[in-house]
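Pasted below: target-v7.cif, mmCIF, C-alpha atoms and all ligand atoms.
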```cif
data_start
#
loop_
_atom_site.label_atom_id
_atom_site.label_comp_id
_atom_site.auth_asym_id
_atom_site.auth_seq_id
_atom_site.Cartn_x
_atom_site.Cartn_y
_atom_site.Cartn_z
CA MET A 679 6.71 18.15 10.68
CA GLN A 680 6.87 14.87 8.72
CA ASN A 681 6.76 14.94 4.94
CA THR A 682 3.45 13.86 3.43
CA ILE A 683 4.52 10.49 2.05
CA ASP A 684 6.13 9.35 5.32
CA THR A 685 3.07 10.58 7.20
CA ILE A 686 0.85 8.37 5.05
CA TYR A 687 3.06 5.30 5.53
CA ASP A 688 3.64 5.82 9.27
CA ARG A 689 0.07 6.60 10.39
CA ARG A 690 -1.25 3.73 12.48
CA SER A 691 -4.39 3.10 14.50
CA ILE A 692 -3.27 3.75 18.05
CA ARG A 693 -5.36 2.45 20.93
CA LYS A 694 -3.25 3.47 23.93
CA PHE A 695 -2.46 7.09 24.71
CA THR A 696 -0.33 8.91 27.27
CA ASP A 697 -1.98 11.33 29.69
CA LYS A 698 -0.41 14.31 27.93
CA GLU A 699 -3.05 16.86 27.00
CA VAL A 700 -3.40 18.07 23.43
CA ASN A 701 -2.96 21.80 22.94
CA PRO A 702 -6.29 23.24 21.64
CA ASP A 703 -4.40 24.89 18.76
CA LEU A 704 -3.32 21.46 17.56
CA VAL A 705 -6.88 20.13 17.82
CA ASP A 706 -7.98 23.15 15.80
CA GLU A 707 -5.34 22.43 13.16
CA VAL A 708 -6.60 18.85 12.85
CA LEU A 709 -10.20 20.05 12.47
CA ARG A 710 -9.09 22.62 9.91
CA ALA A 711 -7.49 19.83 7.86
CA GLY A 712 -10.81 17.97 7.94
CA LEU A 713 -12.62 21.04 6.65
CA PHE A 714 -10.21 21.20 3.71
CA ALA A 715 -11.15 17.73 2.42
CA PRO A 716 -12.61 17.20 -1.04
CA SER A 717 -16.36 16.47 -1.22
CA GLY A 718 -18.88 15.75 -3.96
CA TYR A 719 -19.75 19.06 -5.64
CA ASN A 720 -17.96 20.73 -2.69
CA ARG A 721 -21.03 20.24 -0.51
CA GLN A 722 -18.90 19.72 2.65
CA PRO A 723 -21.71 17.70 4.31
CA TRP A 724 -19.95 17.25 7.66
CA ASP A 725 -19.92 18.51 11.23
CA PHE A 726 -17.32 17.71 13.89
CA VAL A 727 -18.20 17.43 17.58
CA VAL A 728 -15.12 17.65 19.82
CA PHE A 729 -15.11 15.97 23.22
CA ASN A 730 -12.25 16.86 25.55
CA GLU A 731 -13.75 16.09 28.94
CA ASN A 732 -12.87 12.79 30.55
CA ASP A 733 -16.37 11.93 31.78
CA ILE A 734 -18.04 12.29 28.40
CA ILE A 735 -15.26 10.38 26.62
CA LYS A 736 -15.72 7.52 29.10
CA GLU A 737 -19.46 7.59 28.48
CA ILE A 738 -18.89 7.42 24.72
CA LYS A 739 -16.56 4.46 25.23
CA GLU A 740 -19.47 2.58 26.82
CA MET A 741 -21.67 3.38 23.80
CA HIS A 742 -19.30 1.97 21.19
CA PRO A 743 -18.40 -1.74 21.08
CA TYR A 744 -14.89 -1.35 19.60
CA SER A 745 -13.60 1.77 21.31
CA SER A 746 -10.74 0.58 23.52
CA SER A 747 -8.74 3.61 22.36
CA LEU A 748 -11.14 5.85 24.30
CA ALA A 749 -9.96 4.38 27.61
CA THR A 750 -6.94 6.69 27.42
CA ALA A 751 -7.57 9.19 24.58
CA PRO A 752 -7.71 12.80 25.87
CA VAL A 753 -9.75 13.95 22.85
CA CYS A 754 -12.49 12.33 20.78
CA ILE A 755 -14.00 13.81 17.63
CA MET A 756 -17.41 12.67 16.40
CA VAL A 757 -17.85 13.18 12.66
CA CYS A 758 -21.46 13.61 11.50
CA GLY A 759 -22.80 13.60 7.94
CA ASP A 760 -25.58 15.87 6.68
CA THR A 761 -28.17 14.23 4.45
CA GLN A 762 -29.54 17.65 3.44
CA LYS A 763 -26.17 18.89 2.19
CA GLU A 764 -24.80 15.78 0.49
CA LEU A 765 -24.82 15.75 -3.32
CA ALA A 766 -26.96 12.61 -3.48
CA GLU A 767 -27.73 9.66 -1.23
CA GLY A 768 -24.52 7.88 -0.29
CA PHE A 769 -22.24 10.87 -0.72
CA TYR A 770 -21.98 11.98 2.91
CA GLN A 771 -20.31 8.72 3.86
CA VAL A 772 -17.68 9.14 1.15
CA ASP A 773 -17.18 12.84 1.92
CA CYS A 774 -16.89 12.27 5.68
CA SER A 775 -14.35 9.52 5.04
CA ALA A 776 -12.21 11.98 3.07
CA ALA A 777 -12.45 14.48 5.93
CA ILE A 778 -11.51 11.82 8.47
CA GLU A 779 -8.46 10.67 6.53
CA ASN A 780 -7.35 14.31 6.24
CA MET A 781 -7.62 14.62 10.02
CA LEU A 782 -5.75 11.37 10.71
CA LEU A 783 -2.90 12.44 8.47
CA ALA A 784 -2.79 16.00 9.78
CA ALA A 785 -2.67 14.66 13.33
CA LYS A 786 0.20 12.35 12.45
CA ALA A 787 2.10 15.18 10.78
CA LEU A 788 1.65 17.24 13.97
CA GLY A 789 3.11 14.45 16.15
CA LEU A 790 -0.26 13.14 17.33
CA ASP A 791 -1.88 9.73 16.98
CA THR A 792 -5.41 8.65 16.16
CA CYS A 793 -7.82 5.78 15.82
CA TRP A 794 -10.83 5.84 13.47
CA MET A 795 -13.90 4.09 14.91
CA GLY A 796 -16.85 3.54 12.63
CA ILE A 797 -20.40 4.31 13.79
CA TYR A 798 -22.06 4.06 10.36
CA PRO A 799 -23.42 1.64 9.12
CA TRP A 800 -24.36 0.10 12.47
CA GLU A 801 -27.93 1.27 12.87
CA GLU A 802 -28.16 0.54 16.59
CA VAL A 803 -24.96 2.43 17.37
CA MET A 804 -26.04 5.31 15.12
CA ALA A 805 -29.39 5.48 16.91
CA ALA A 806 -27.69 5.54 20.32
CA PHE A 807 -25.40 8.45 19.34
CA SER A 808 -28.23 10.37 17.66
CA LYS A 809 -30.33 10.07 20.79
CA ARG A 810 -27.59 10.81 23.34
CA PHE A 811 -26.42 13.95 21.54
CA ASN A 812 -29.83 15.10 20.29
CA LEU A 813 -28.61 15.20 16.71
CA PRO A 814 -30.98 16.81 14.21
CA GLU A 815 -32.77 14.30 11.96
CA ASN A 816 -30.56 15.15 8.95
CA ASN A 817 -27.23 14.90 10.85
CA LYS A 818 -26.07 11.29 11.07
CA PRO A 819 -23.31 10.13 13.42
CA PHE A 820 -20.69 8.63 11.09
CA ALA A 821 -17.49 7.89 13.02
CA LEU A 822 -15.33 8.71 16.03
CA ILE A 823 -11.67 9.68 16.06
CA ALA A 824 -9.57 9.11 19.17
CA LEU A 825 -6.82 11.74 19.33
CA GLY A 826 -3.79 12.10 21.57
CA TYR A 827 -0.14 11.18 22.05
CA GLY A 828 0.36 7.47 21.43
CA ASP A 829 1.70 5.24 24.19
CA GLU A 830 2.41 2.30 21.88
CA LYS A 831 4.72 1.94 18.91
CA LYS A 832 3.70 0.24 15.69
CA GLU A 833 5.98 -0.59 12.80
CA ARG A 834 5.25 0.50 9.25
CA PRO A 835 3.40 -2.57 7.83
CA LYS A 836 4.12 -4.27 4.50
CA ARG A 837 1.16 -3.36 2.33
CA TYR A 838 2.67 -2.76 -1.06
CA ASP A 839 0.76 -5.54 -2.83
CA THR A 840 1.25 -5.27 -6.56
CA THR A 841 -1.53 -7.82 -7.24
CA LYS A 842 -3.97 -5.02 -6.33
CA ILE A 843 -2.71 -2.71 -9.03
CA HIS A 844 -3.92 -2.97 -12.62
CA TYR A 845 -2.72 -1.03 -15.63
CA ASN A 846 -4.89 -0.47 -18.68
CA LYS A 847 -6.93 -3.66 -18.05
CA TRP A 848 -8.05 -5.74 -15.03
C1 LIG B 901 -14.29 2.48 8.43
C2 LIG B 901 -13.36 2.10 9.55
C3 LIG B 901 -13.88 1.69 10.74
C4 LIG B 901 -13.03 1.36 11.80
N1 LIG B 901 -13.57 1.04 13.00
C5 LIG B 901 -12.75 0.78 14.04
C6 LIG B 901 -13.31 0.55 15.34
O1 LIG B 901 -14.52 0.55 15.54
N2 LIG B 901 -12.45 0.35 16.37
C7 LIG B 901 -11.09 0.34 16.20
O2 LIG B 901 -10.37 0.15 17.19
N3 LIG B 901 -10.54 0.53 14.97
C8 LIG B 901 -11.33 0.77 13.90
N4 LIG B 901 -10.78 1.05 12.67
C9 LIG B 901 -9.32 1.01 12.48
C10 LIG B 901 -8.89 -0.25 11.71
O3 LIG B 901 -8.98 -1.37 12.55
C11 LIG B 901 -7.44 -0.03 11.19
O4 LIG B 901 -7.43 1.07 10.30
C12 LIG B 901 -6.90 -1.24 10.45
O5 LIG B 901 -6.75 -2.34 11.36
C13 LIG B 901 -5.56 -0.98 9.81
O6 LIG B 901 -4.59 -0.53 10.75
P1 LIG B 901 -3.87 0.90 10.64
O7 LIG B 901 -4.95 1.96 10.77
O8 LIG B 901 -2.90 0.95 11.78
O9 LIG B 901 -3.21 1.00 9.32
C14 LIG B 901 -11.61 1.40 11.62
C15 LIG B 901 -11.10 1.82 10.40
C16 LIG B 901 -11.95 2.20 9.37
C17 LIG B 901 -11.36 2.73 8.08
#
```
Reformat the file's structure so that it appears as structure tokens.
Ligand SMILES: Cc1cc2nc3c(=O)[nH]c(=O)nc-3n(C[C@H](O)[C@H](O)[C@H](O)COP(=O)(O)O)c2cc1C
Amino acid sequence: MQNTIDTIYDRRSIRKFTDKEVNPDLVDEVLRAGLFAPSGYNRQPWDFVVFNENDIIKEIKEMHPYSSSLATAPVCIMVCGDTQKELAEGFYQVDCSAAIENMLLAAKALGLDTCWMGIYPWEEVMAAFSKRFNLPENNKPFALIALGYGDEKKERPKRYDTTKIHYNKW
């Protein structure tokens, strides 16, 4: 397993996957990492819907305008936010983002690759997912994660931009 710092630097959005299946125990480990994320007042206002059947993943691909990764991903996780559990309006989006990043990094550490695809804040896309999956009124589709074994290599980018870092004053 990769060390945490290298995992953070080497995680990339991968949009082409091999046809190798993902062991359900690994999927479970990724989900578990999501459940361990920090959240406002520890409200944990998230639910994860796992899709691992080809037909439904292909259908989801048609519902999302920027989901090329789903053409080959063997697993897709839909992350939903709960407006009844969040600390206050606007928290579920932040909390779900923390859960997603945990899952992306856990996947990378386990030798898997991912791509985060936003659903929120596109109202039309949110409405389509809510309707298709009969989501309860308080559970909002937030994002998708494509998960699998990457079939493309991406270099570690140069992102260490010191102009974005400020000490003691802006
Ligand atoms: C909120 C959010 C929404 C994103 N939505 C999409 C998307 O709809 N489709 C996609 O292919 N990638 C999506 N991405 C991935 C970004 O394009 C990617 O993180 C960015 O280009 C940086 O590349 P990296 O992830 O390899 O570091 C999204 C990422 C974030 C954080």
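With distances restricted to all atoms listed in the file, A:Thr685 is the closest residue to ligand LIG 901 (chain B) from A:Thr685, A:Asn817, A:Thr696, A:Thr840.
If you measure from each of A:Asn720, A:Asn730, A:Gln680, A:Thr761 to A:Ala776 using all atoms listed in the file, the closest one turns out to be A:Asn720.
Once only C-alpha atoms and all ligand atoms are used for the distance check, the residues close to ligand LIG 901 (chain B) at 7 Å turn out to be Arg689, Arg690, Ser691, Ile692, Arg693, Tyr744, Ser745, Ser746, Ser747, Cys793, Trp794, Met795 and Gly796 of chain A.
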Keeping C-alpha atoms for every residue in the selection just given, could you write it to a file as a CSV table (one decimal), in the frame of the given file?
```csv
chain,number,residue,atom,x,y,z
A,689,ARG,CA,0.1,6.6,10.4
A,690,ARG,CA,-1.2,3.7,12.5
A,691,SER,CA,-4.4,3.1,14.5
A,692,ILE,CA,-3.3,3.8,18.0
A,693,ARG,CA,-5.4,2.4,20.9
A,744,TYR,CA,-14.9,-1.4,19.6
A,745,SER,CA,-13.6,1.8,21.3
A,746,SER,CA,-10.7,0.6,23.5
A,747,SER,CA,-8.7,3.6,22.4
A,793,CYS,CA,-7.8,5.8,15.8
A,794,TRP,CA,-10.8,5.8,13.5
A,795,MET,CA,-13.9,4.1,14.9
A,796,GLY,CA,-16.8,3.5,12.6
```
Practice item. Find the residues near stretch 802-810 of chain A: any atom within 8 Å, counting all atoms listed in the file, skip ones fewer than 6 places away on the same chain, and give them as a PyMOL selection string. Key: chain A and resi 741-742+818-820
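Across the model, the gap from atom CA of A:Lys832 to atom CA of A:Ile686 is 13.7 Å.
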Exercise for review: Can you work out the spacing between atom CA of A:Arg837 and atom CA of A:Pro799 in Å, to one decimal?
Suggested key: 26.0 Å
